[in-house]
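Below is one structure, written out as structure tokens; comments come after it.
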Amino acid sequence: MSTKAELIQELLQMQRDFIKFEHENGMHPDDYYNPGAGHPLESYKTDFMDKAVQVLDLAHDEKSSGWKR
């Protein structure tokens, strides 16, 4: 399992890659919402959300907030 800092770095890299794609290719809503098989952003939304939720869970564990999904 990744540490919170590692996950945050992965999220930041994903954002940089997304911005690079957008600058090089332009962005159509389908690129984000319905990219299709083989598209460079095919799993971006779900991968990003999964990592973000992991960071959230780790942060709540650190603070013993008791919050659970």
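Convention: chains lettered A, B, ... in structure tokens order; per-chain residue numbering from 1; ligands numbered from 1 as shown.
The list of residues with at least one atom within 12 Å of Thr46 (chain A), based on only C-alpha atoms and without residues fewer than 4 positions apart in the same chain, reads Leu11, Met14, Tyr32, Tyr33, Asn34, Leu41, Glu42, Asp50, Lys51, Ala52 and Val53 of chain A.
The shell of residues at most 12 Å from Val55 (chain A), with only C-alpha atoms counted and near chain neighbours (fewer than 2 positions) removed, consists of Met1, Ser2, Thr3, Lys4, Ala5, Glu6, Leu7, Ile8, Gln9, Glu10, Leu11, Phe48, Met49, Asp50, Lys51, Ala52, Val53, Asp57, Leu58, Ala59, His60, Asp61 and Glu62 of chain A.
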With C-alpha atoms retained, write the just-selected residues as a PDB file, in the first residue's frame.
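Generated output (selection07.pdb):
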```pdb
ATOM      1  CA  MET A   1       0.000   0.000   0.000  1.00  0.00           C
ATOM      2  CA  SER A   2       1.238   3.454  -0.840  1.00  0.00           C
ATOM      3  CA  THR A   3       1.794   6.109   1.757  1.00  0.00           C
ATOM      4  CA  LYS A   4      -0.284   9.252   1.737  1.00  0.00           C
ATOM      5  CA  ALA A   5       2.658  11.291   0.409  1.00  0.00           C
ATOM      6  CA  GLU A   6       3.247   8.787  -2.411  1.00  0.00           C
ATOM      7  CA  LEU A   7      -0.416   8.868  -3.374  1.00  0.00           C
ATOM      8  CA  ILE A   8      -0.405  12.669  -3.404  1.00  0.00           C
ATOM      9  CA  GLN A   9       2.649  12.652  -5.677  1.00  0.00           C
ATOM     10  CA  GLU A  10       0.877  10.179  -7.992  1.00  0.00           C
ATOM     11  CA  LEU A  11      -2.191  12.442  -8.083  1.00  0.00           C
ATOM     12  CA  PHE A  48      -7.792   9.533  -9.895  1.00  0.00           C
ATOM     13  CA  MET A  49     -10.896   9.108  -7.737  1.00  0.00           C
ATOM     14  CA  ASP A  50      -9.598   5.853  -6.224  1.00  0.00           C
ATOM     15  CA  LYS A  51      -6.293   7.474  -5.257  1.00  0.00           C
ATOM     16  CA  ALA A  52      -8.022  10.590  -3.907  1.00  0.00           C
ATOM     17  CA  VAL A  53     -10.313   8.479  -1.712  1.00  0.00           C
ATOM     18  CA  ASP A  57      -9.107   7.618   4.200  1.00  0.00           C
ATOM     19  CA  LEU A  58      -5.463   7.847   5.291  1.00  0.00           C
ATOM     20  CA  ALA A  59      -5.928  11.443   6.452  1.00  0.00           C
ATOM     21  CA  HIS A  60      -8.969  10.479   8.535  1.00  0.00           C
ATOM     22  CA  ASP A  61      -7.057   7.525  10.008  1.00  0.00           C
ATOM     23  CA  GLU A  62      -4.192   9.847  10.976  1.00  0.00           C
TER      24      GLU A  62
END
```
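Between CA of Leu12 (chain A) and CA of Asp31 (chain A) the separation is 19.4 Å.
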- When DSSP works through the backbone of this structure, what residues of chain A end up as helix (DSSP H, G or I), shown as a PyMOL selection string? chain A and resi 4-25+29-33+44-62
Would you output that residue set with C-alpha atoms, as an mmCIF file, in the first residue's frame?
```
data_model
loop_
_atom_site.group_PDB
_atom_site.id
_atom_site.type_symbol
_atom_site.label_atom_id
_atom_site.label_comp_id
_atom_site.auth_asym_id
_atom_site.auth_seq_id
_atom_site.Cartn_x
_atom_site.Cartn_y
_atom_site.Cartn_z
ATOM 1 C CA LYS A 4 -0.284 9.252 1.737
ATOM 2 C CA ALA A 5 2.658 11.291 0.409
ATOM 3 C CA GLU A 6 3.247 8.787 -2.411
ATOM 4 C CA LEU A 7 -0.416 8.868 -3.374
ATOM 5 C CA ILE A 8 -0.405 12.669 -3.404
ATOM 6 C CA GLN A 9 2.649 12.652 -5.677
ATOM 7 C CA GLU A 10 0.877 10.179 -7.992
ATOM 8 C CA LEU A 11 -2.191 12.442 -8.083
ATOM 9 C CA LEU A 12 -0.041 15.457 -8.916
ATOM 10 C CA GLN A 13 1.680 13.530 -11.705
ATOM 11 C CA MET A 14 -1.694 12.458 -13.070
ATOM 12 C CA GLN A 15 -2.774 16.116 -13.129
ATOM 13 C CA ARG A 16 0.421 17.128 -14.936
ATOM 14 C CA ASP A 17 -0.123 14.359 -17.506
ATOM 15 C CA PHE A 18 -3.748 15.423 -17.967
ATOM 16 C CA ILE A 19 -2.745 19.053 -18.543
ATOM 17 C CA LYS A 20 -0.050 17.971 -20.992
ATOM 18 C CA PHE A 21 -2.600 15.896 -22.932
ATOM 19 C CA GLU A 22 -4.996 18.831 -22.997
ATOM 20 C CA HIS A 23 -2.345 21.261 -24.250
ATOM 21 C CA GLU A 24 -1.109 18.880 -26.937
ATOM 22 C CA ASN A 25 -4.481 17.567 -28.131
ATOM 23 C CA PRO A 29 -15.864 16.504 -23.235
ATOM 24 C CA ASP A 30 -15.830 12.945 -24.598
ATOM 25 C CA ASP A 31 -12.088 12.783 -23.887
ATOM 26 C CA TYR A 32 -12.908 13.044 -20.194
ATOM 27 C CA TYR A 33 -16.404 11.607 -19.789
ATOM 28 C CA TYR A 44 -8.130 8.540 -15.650
ATOM 29 C CA LYS A 45 -11.362 9.411 -13.819
ATOM 30 C CA THR A 46 -11.642 6.173 -11.866
ATOM 31 C CA ASP A 47 -7.902 5.931 -11.110
ATOM 32 C CA PHE A 48 -7.792 9.533 -9.895
ATOM 33 C CA MET A 49 -10.896 9.108 -7.737
ATOM 34 C CA ASP A 50 -9.598 5.853 -6.224
ATOM 35 C CA LYS A 51 -6.293 7.474 -5.257
ATOM 36 C CA ALA A 52 -8.022 10.590 -3.907
ATOM 37 C CA VAL A 53 -10.313 8.479 -1.712
ATOM 38 C CA GLN A 54 -7.302 6.531 -0.424
ATOM 39 C CA VAL A 55 -5.669 9.832 0.577
ATOM 40 C CA LEU A 56 -8.889 10.899 2.290
ATOM 41 C CA ASP A 57 -9.107 7.618 4.200
ATOM 42 C CA LEU A 58 -5.463 7.847 5.291
ATOM 43 C CA ALA A 59 -5.928 11.443 6.452
ATOM 44 C CA HIS A 60 -8.969 10.479 8.535
ATOM 45 C CA ASP A 61 -7.057 7.525 10.008
ATOM 46 C CA GLU A 62 -4.192 9.847 10.976
#
```
